[in-house]
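Student: Contents of protein-v6.cif (mmCIF, N, CA and C atoms and all ligand atoms):
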```cif
data_data
loop_
_atom_site.label_atom_id
_atom_site.label_comp_id
_atom_site.auth_asym_id
_atom_site.auth_seq_id
_atom_site.Cartn_x
_atom_site.Cartn_y
_atom_site.Cartn_z
N MET A 1 75.49 -29.70 142.20
CA MET A 1 76.75 -29.17 142.75
C MET A 1 76.66 -29.08 144.26
N ASN A 2 77.47 -29.85 144.94
CA ASN A 2 77.51 -29.76 146.39
C ASN A 2 78.69 -28.92 146.83
N ASP A 3 78.47 -28.06 147.78
CA ASP A 3 79.56 -27.29 148.34
C ASP A 3 79.89 -27.85 149.71
N PRO A 4 81.04 -28.52 149.83
CA PRO A 4 81.38 -29.15 151.12
C PRO A 4 81.69 -28.14 152.21
N VAL A 5 81.92 -26.89 151.82
CA VAL A 5 82.25 -25.88 152.82
C VAL A 5 81.08 -24.91 152.95
N ALA A 6 79.93 -25.43 153.30
CA ALA A 6 78.73 -24.61 153.38
C ALA A 6 78.49 -24.10 154.79
N ALA A 7 79.56 -23.68 155.43
CA ALA A 7 79.41 -23.17 156.78
C ALA A 7 78.76 -21.79 156.76
N PRO A 8 77.85 -21.55 157.65
CA PRO A 8 77.21 -20.23 157.69
C PRO A 8 78.18 -19.17 158.16
N ALA A 9 78.01 -17.98 157.65
CA ALA A 9 78.86 -16.88 158.07
C ALA A 9 78.49 -16.45 159.49
N THR A 10 79.49 -16.20 160.27
CA THR A 10 79.25 -15.73 161.63
C THR A 10 79.94 -14.38 161.81
N PRO A 11 79.46 -13.58 162.73
CA PRO A 11 80.08 -12.27 162.96
C PRO A 11 81.53 -12.39 163.38
N ASP A 12 81.84 -13.46 164.10
CA ASP A 12 83.21 -13.62 164.60
C ASP A 12 83.92 -14.73 163.83
N SER A 13 84.13 -14.52 162.56
CA SER A 13 84.83 -15.52 161.77
C SER A 13 86.29 -15.58 162.21
N PRO A 14 86.81 -16.79 162.39
CA PRO A 14 88.20 -16.90 162.83
C PRO A 14 89.18 -16.54 161.73
N SER A 15 90.37 -16.13 162.14
CA SER A 15 91.45 -15.96 161.17
C SER A 15 91.98 -17.33 160.79
N TYR A 16 92.51 -17.44 159.60
CA TYR A 16 93.09 -18.70 159.14
C TYR A 16 94.55 -18.48 158.81
N GLU A 17 95.34 -19.52 159.07
CA GLU A 17 96.78 -19.43 158.92
C GLU A 17 97.23 -20.39 157.83
N CYS A 18 98.11 -19.92 156.95
CA CYS A 18 98.65 -20.78 155.90
C CYS A 18 99.56 -21.83 156.52
N GLY A 19 99.34 -23.09 156.20
CA GLY A 19 100.15 -24.17 156.75
C GLY A 19 101.51 -24.26 156.10
N VAL A 20 101.76 -23.44 155.08
CA VAL A 20 103.04 -23.48 154.37
C VAL A 20 103.93 -22.32 154.79
N CYS A 21 103.39 -21.10 154.75
CA CYS A 21 104.23 -19.93 155.03
C CYS A 21 103.75 -19.16 156.26
N TRP A 22 102.69 -19.62 156.89
CA TRP A 22 102.17 -19.06 158.13
C TRP A 22 101.66 -17.63 158.00
N SER A 23 101.40 -17.19 156.81
CA SER A 23 100.73 -15.90 156.70
C SER A 23 99.26 -16.10 157.09
N VAL A 24 98.64 -15.03 157.55
CA VAL A 24 97.30 -15.13 158.13
C VAL A 24 96.28 -14.48 157.22
N TYR A 25 95.17 -15.16 157.01
CA TYR A 25 94.02 -14.52 156.35
C TYR A 25 93.09 -13.99 157.43
N ASP A 26 92.92 -12.68 157.45
CA ASP A 26 92.05 -12.05 158.44
C ASP A 26 90.73 -11.68 157.75
N PRO A 27 89.62 -12.32 158.15
CA PRO A 27 88.33 -12.04 157.49
C PRO A 27 87.94 -10.57 157.55
N ALA A 28 88.40 -9.86 158.57
CA ALA A 28 88.06 -8.45 158.70
C ALA A 28 88.75 -7.60 157.64
N GLU A 29 89.87 -8.10 157.13
CA GLU A 29 90.62 -7.34 156.13
C GLU A 29 90.41 -7.86 154.71
N GLY A 30 90.01 -9.14 154.60
CA GLY A 30 89.86 -9.72 153.28
C GLY A 30 91.19 -9.81 152.56
N ASP A 31 91.14 -9.85 151.25
CA ASP A 31 92.35 -9.92 150.44
C ASP A 31 92.10 -9.07 149.20
N LEU A 32 92.35 -7.78 149.36
CA LEU A 32 91.99 -6.84 148.31
C LEU A 32 92.72 -7.12 147.00
N ASP A 33 93.95 -7.64 147.09
CA ASP A 33 94.70 -7.94 145.88
C ASP A 33 94.01 -9.02 145.05
N ALA A 34 93.25 -9.87 145.73
CA ALA A 34 92.54 -10.95 145.03
C ALA A 34 91.07 -10.61 144.84
N GLY A 35 90.71 -9.37 145.18
CA GLY A 35 89.32 -8.95 144.98
C GLY A 35 88.39 -9.45 146.07
N ILE A 36 88.96 -9.83 147.23
CA ILE A 36 88.15 -10.30 148.34
C ILE A 36 87.82 -9.12 149.25
N ARG A 37 86.54 -8.85 149.42
CA ARG A 37 86.14 -7.71 150.21
C ARG A 37 86.41 -7.94 151.70
N PRO A 38 86.73 -6.87 152.43
CA PRO A 38 86.83 -6.98 153.90
C PRO A 38 85.51 -7.51 154.47
N GLY A 39 85.62 -8.39 155.46
CA GLY A 39 84.43 -8.98 156.06
C GLY A 39 84.04 -10.31 155.44
N THR A 40 84.86 -10.82 154.52
CA THR A 40 84.56 -12.11 153.90
C THR A 40 85.13 -13.24 154.75
N PRO A 41 84.27 -14.11 155.30
CA PRO A 41 84.77 -15.24 156.09
C PRO A 41 85.58 -16.20 155.22
N PHE A 42 86.50 -16.91 155.84
CA PHE A 42 87.34 -17.84 155.08
C PHE A 42 86.49 -18.85 154.31
N ALA A 43 85.40 -19.29 154.93
CA ALA A 43 84.55 -20.31 154.31
C ALA A 43 83.88 -19.80 153.03
N GLU A 44 83.85 -18.49 152.86
CA GLU A 44 83.20 -17.93 151.68
C GLU A 44 84.19 -17.49 150.61
N LEU A 45 85.47 -17.76 150.84
CA LEU A 45 86.46 -17.45 149.81
C LEU A 45 86.19 -18.31 148.59
N PRO A 46 86.38 -17.77 147.41
CA PRO A 46 86.14 -18.55 146.19
C PRO A 46 87.13 -19.71 146.09
N PRO A 47 86.76 -20.78 145.40
CA PRO A 47 87.62 -21.98 145.29
C PRO A 47 88.98 -21.68 144.68
N TYR A 48 89.05 -20.64 143.87
CA TYR A 48 90.31 -20.34 143.20
C TYR A 48 91.25 -19.51 144.06
N TRP A 49 90.78 -19.11 145.24
CA TRP A 49 91.63 -18.30 146.11
C TRP A 49 92.81 -19.12 146.60
N VAL A 50 93.99 -18.52 146.57
CA VAL A 50 95.18 -19.18 147.09
C VAL A 50 95.91 -18.21 148.02
N CYS A 51 96.85 -18.74 148.78
CA CYS A 51 97.63 -17.91 149.68
C CYS A 51 98.30 -16.79 148.89
N PRO A 52 98.12 -15.53 149.32
CA PRO A 52 98.70 -14.41 148.58
C PRO A 52 100.22 -14.39 148.66
N HIS A 53 100.81 -15.14 149.58
CA HIS A 53 102.27 -15.12 149.72
C HIS A 53 102.94 -16.29 149.03
N CYS A 54 102.40 -17.49 149.18
CA CYS A 54 103.08 -18.65 148.62
C CYS A 54 102.21 -19.42 147.64
N GLU A 55 100.99 -18.95 147.41
CA GLU A 55 100.07 -19.57 146.45
C GLU A 55 99.67 -20.98 146.83
N ALA A 56 99.74 -21.31 148.10
CA ALA A 56 99.22 -22.60 148.54
C ALA A 56 97.70 -22.59 148.41
N PRO A 57 97.10 -23.71 148.06
CA PRO A 57 95.64 -23.76 147.96
C PRO A 57 95.00 -23.57 149.33
N ARG A 58 93.76 -23.14 149.34
CA ARG A 58 93.08 -22.82 150.60
C ARG A 58 92.96 -24.04 151.51
N THR A 59 93.09 -25.24 150.94
CA THR A 59 93.00 -26.45 151.75
C THR A 59 94.19 -26.59 152.70
N ARG A 60 95.26 -25.79 152.45
CA ARG A 60 96.43 -25.86 153.32
C ARG A 60 96.28 -24.95 154.53
N PHE A 61 95.20 -24.19 154.56
CA PHE A 61 95.00 -23.27 155.67
C PHE A 61 94.32 -23.96 156.84
N MET A 62 94.59 -23.44 158.04
CA MET A 62 93.95 -23.97 159.24
C MET A 62 93.60 -22.81 160.15
N VAL A 63 92.67 -23.06 161.07
CA VAL A 63 92.24 -21.99 161.96
C VAL A 63 93.41 -21.53 162.81
N ALA A 64 93.61 -20.22 162.84
CA ALA A 64 94.69 -19.66 163.65
C ALA A 64 94.24 -19.59 165.10
N VAL A 65 95.12 -19.98 166.01
CA VAL A 65 94.81 -19.92 167.42
C VAL A 65 94.99 -18.47 167.88
N ALA A 66 93.92 -17.90 168.38
CA ALA A 66 93.96 -16.50 168.79
C ALA A 66 94.79 -16.32 170.05
ZN ZN B 101 101.21 -19.35 152.30
#
```
Could you take the file, read its structure, and then write that structure out as structure tokens?

Tutor:
Amino acid sequence: MNDPVAAPATPDSPSYECGVCWSVYDPAEGDLDAGIRPGTPFAELPPYWVCPHCEAPRTRFMVAVA
């Protein structure tokens, strides 16, 4: 099993923005509704995670420009 998203976690993980509805995933807040703990980098989100607003797959997300 290869994980193509094997990026190491960094203290300053960027926020990611949904390319469909533009809601933001903030690693500092996580996604409690989906059981994602605060402090979880986007790269470590489980494969089944989808946008909490529009259910777009995580592949539709892109790094948010700070
Ligand atoms: Zn979305």

Student: May I ask for the distance between atom CA of A:Gly19 and atom CA of A:Asp33, given in Å to one decimal place?

Tutor: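 These two atoms are separated by 20.3 Å.
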
Student: Quick one: residues within 6 Å of ligand ZN 101 (chain B), with all atoms listed in the file, as a PDB file with N, CA and C atoms, in the coordinates of the input?

Tutor:
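Written out: out.pdb:
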```pdb
ATOM      1  N   CYS A  18      98.110 -19.920 156.950  1.00  0.00           N
ATOM      2  CA  CYS A  18      98.650 -20.780 155.900  1.00  0.00           C
ATOM      3  C   CYS A  18      99.560 -21.830 156.520  1.00  0.00           C
ATOM      4  N   GLY A  19      99.340 -23.090 156.200  1.00  0.00           N
ATOM      5  CA  GLY A  19     100.150 -24.170 156.750  1.00  0.00           C
ATOM      6  C   GLY A  19     101.510 -24.260 156.100  1.00  0.00           C
ATOM      7  N   VAL A  20     101.760 -23.440 155.080  1.00  0.00           N
ATOM      8  CA  VAL A  20     103.040 -23.480 154.370  1.00  0.00           C
ATOM      9  C   VAL A  20     103.930 -22.320 154.790  1.00  0.00           C
ATOM     10  N   CYS A  21     103.390 -21.100 154.750  1.00  0.00           N
ATOM     11  CA  CYS A  21     104.230 -19.930 155.030  1.00  0.00           C
ATOM     12  C   CYS A  21     103.750 -19.160 156.260  1.00  0.00           C
ATOM     13  N   TRP A  22     102.690 -19.620 156.890  1.00  0.00           N
ATOM     14  CA  TRP A  22     102.170 -19.060 158.130  1.00  0.00           C
ATOM     15  C   TRP A  22     101.660 -17.630 158.000  1.00  0.00           C
ATOM     16  N   SER A  23     101.400 -17.190 156.810  1.00  0.00           N
ATOM     17  CA  SER A  23     100.730 -15.900 156.700  1.00  0.00           C
ATOM     18  C   SER A  23      99.260 -16.100 157.090  1.00  0.00           C
ATOM     19  N   CYS A  51      96.850 -18.740 148.780  1.00  0.00           N
ATOM     20  CA  CYS A  51      97.630 -17.910 149.680  1.00  0.00           C
ATOM     21  C   CYS A  51      98.300 -16.790 148.890  1.00  0.00           C
ATOM     22  N   PRO A  52      98.120 -15.530 149.320  1.00  0.00           N
ATOM     23  CA  PRO A  52      98.700 -14.410 148.580  1.00  0.00           C
ATOM     24  C   PRO A  52     100.220 -14.390 148.660  1.00  0.00           C
ATOM     25  N   HIS A  53     100.810 -15.140 149.580  1.00  0.00           N
ATOM     26  CA  HIS A  53     102.270 -15.120 149.720  1.00  0.00           C
ATOM     27  C   HIS A  53     102.940 -16.290 149.030  1.00  0.00           C
ATOM     28  N   CYS A  54     102.400 -17.490 149.180  1.00  0.00           N
ATOM     29  CA  CYS A  54     103.080 -18.650 148.620  1.00  0.00           C
ATOM     30  C   CYS A  54     102.210 -19.420 147.640  1.00  0.00           C
ATOM     31  N   GLU A  55     100.990 -18.950 147.410  1.00  0.00           N
ATOM     32  CA  GLU A  55     100.070 -19.570 146.450  1.00  0.00           C
ATOM     33  C   GLU A  55      99.670 -20.980 146.830  1.00  0.00           C
ATOM     34  N   ALA A  56      99.740 -21.310 148.100  1.00  0.00           N
ATOM     35  CA  ALA A  56      99.220 -22.600 148.540  1.00  0.00           C
ATOM     36  C   ALA A  56      97.700 -22.590 148.410  1.00  0.00           C
TER      37      ALA A  56
END
```

Student: In Å, rounded to a single decimal, give me how far atom CA of A:Leu32 is from atom CA of A:Arg60.

Tutor: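 Separation of atom CA of A:Arg60 and atom CA of A:Leu32: 20.2 Å.
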
Student: Mind giving me the straight-line distance from atom CA of A:Thr59 to atom CA of A:Tyr25 in Å, one decimal?

Tutor: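 Between atom CA of A:Thr59 and atom CA of A:Tyr25 the gap is 12.8 Å.
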
Student: Could you check the closest approach to A:Thr40 for each of A:Pro57, A:Ala64, A:Val24, A:Ser13 and tell me which residue wins, using only N, CA and C atoms?

Tutor: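 For A:Thr40, the nearest of the candidates is A:Ser13.
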
Student: Given the choices A:Asp31, A:Arg58, A:Pro41, A:Trp49, which gets closest to A:Pro14 if the distance is worked out from only N, CA and C atoms?

Tutor: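 Among the listed residues, A:Pro41 lies closest to A:Pro14.
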
Student: Just list the residues in chain A DSSP gives strand (DSSP E) on the backbone, as a PyMOL selection string.

Tutor: chain A and resi 16-18+24-25+61-63

Student: If you count only N, CA and C atoms, which residues fall within 6 Å of A:Asp26, apart from same-chain ones fewer than 3 positions away, as a list in words?

Tutor: Ser15, Tyr16, Glu29 and Gly30 of chain A

Student: Please return as an MDAnalysis selection string: the residues of chain A that backbone DSSP assigns to helix (DSSP H, G or I).

Tutor: chainID A and resid 32:34 42:44 58:60
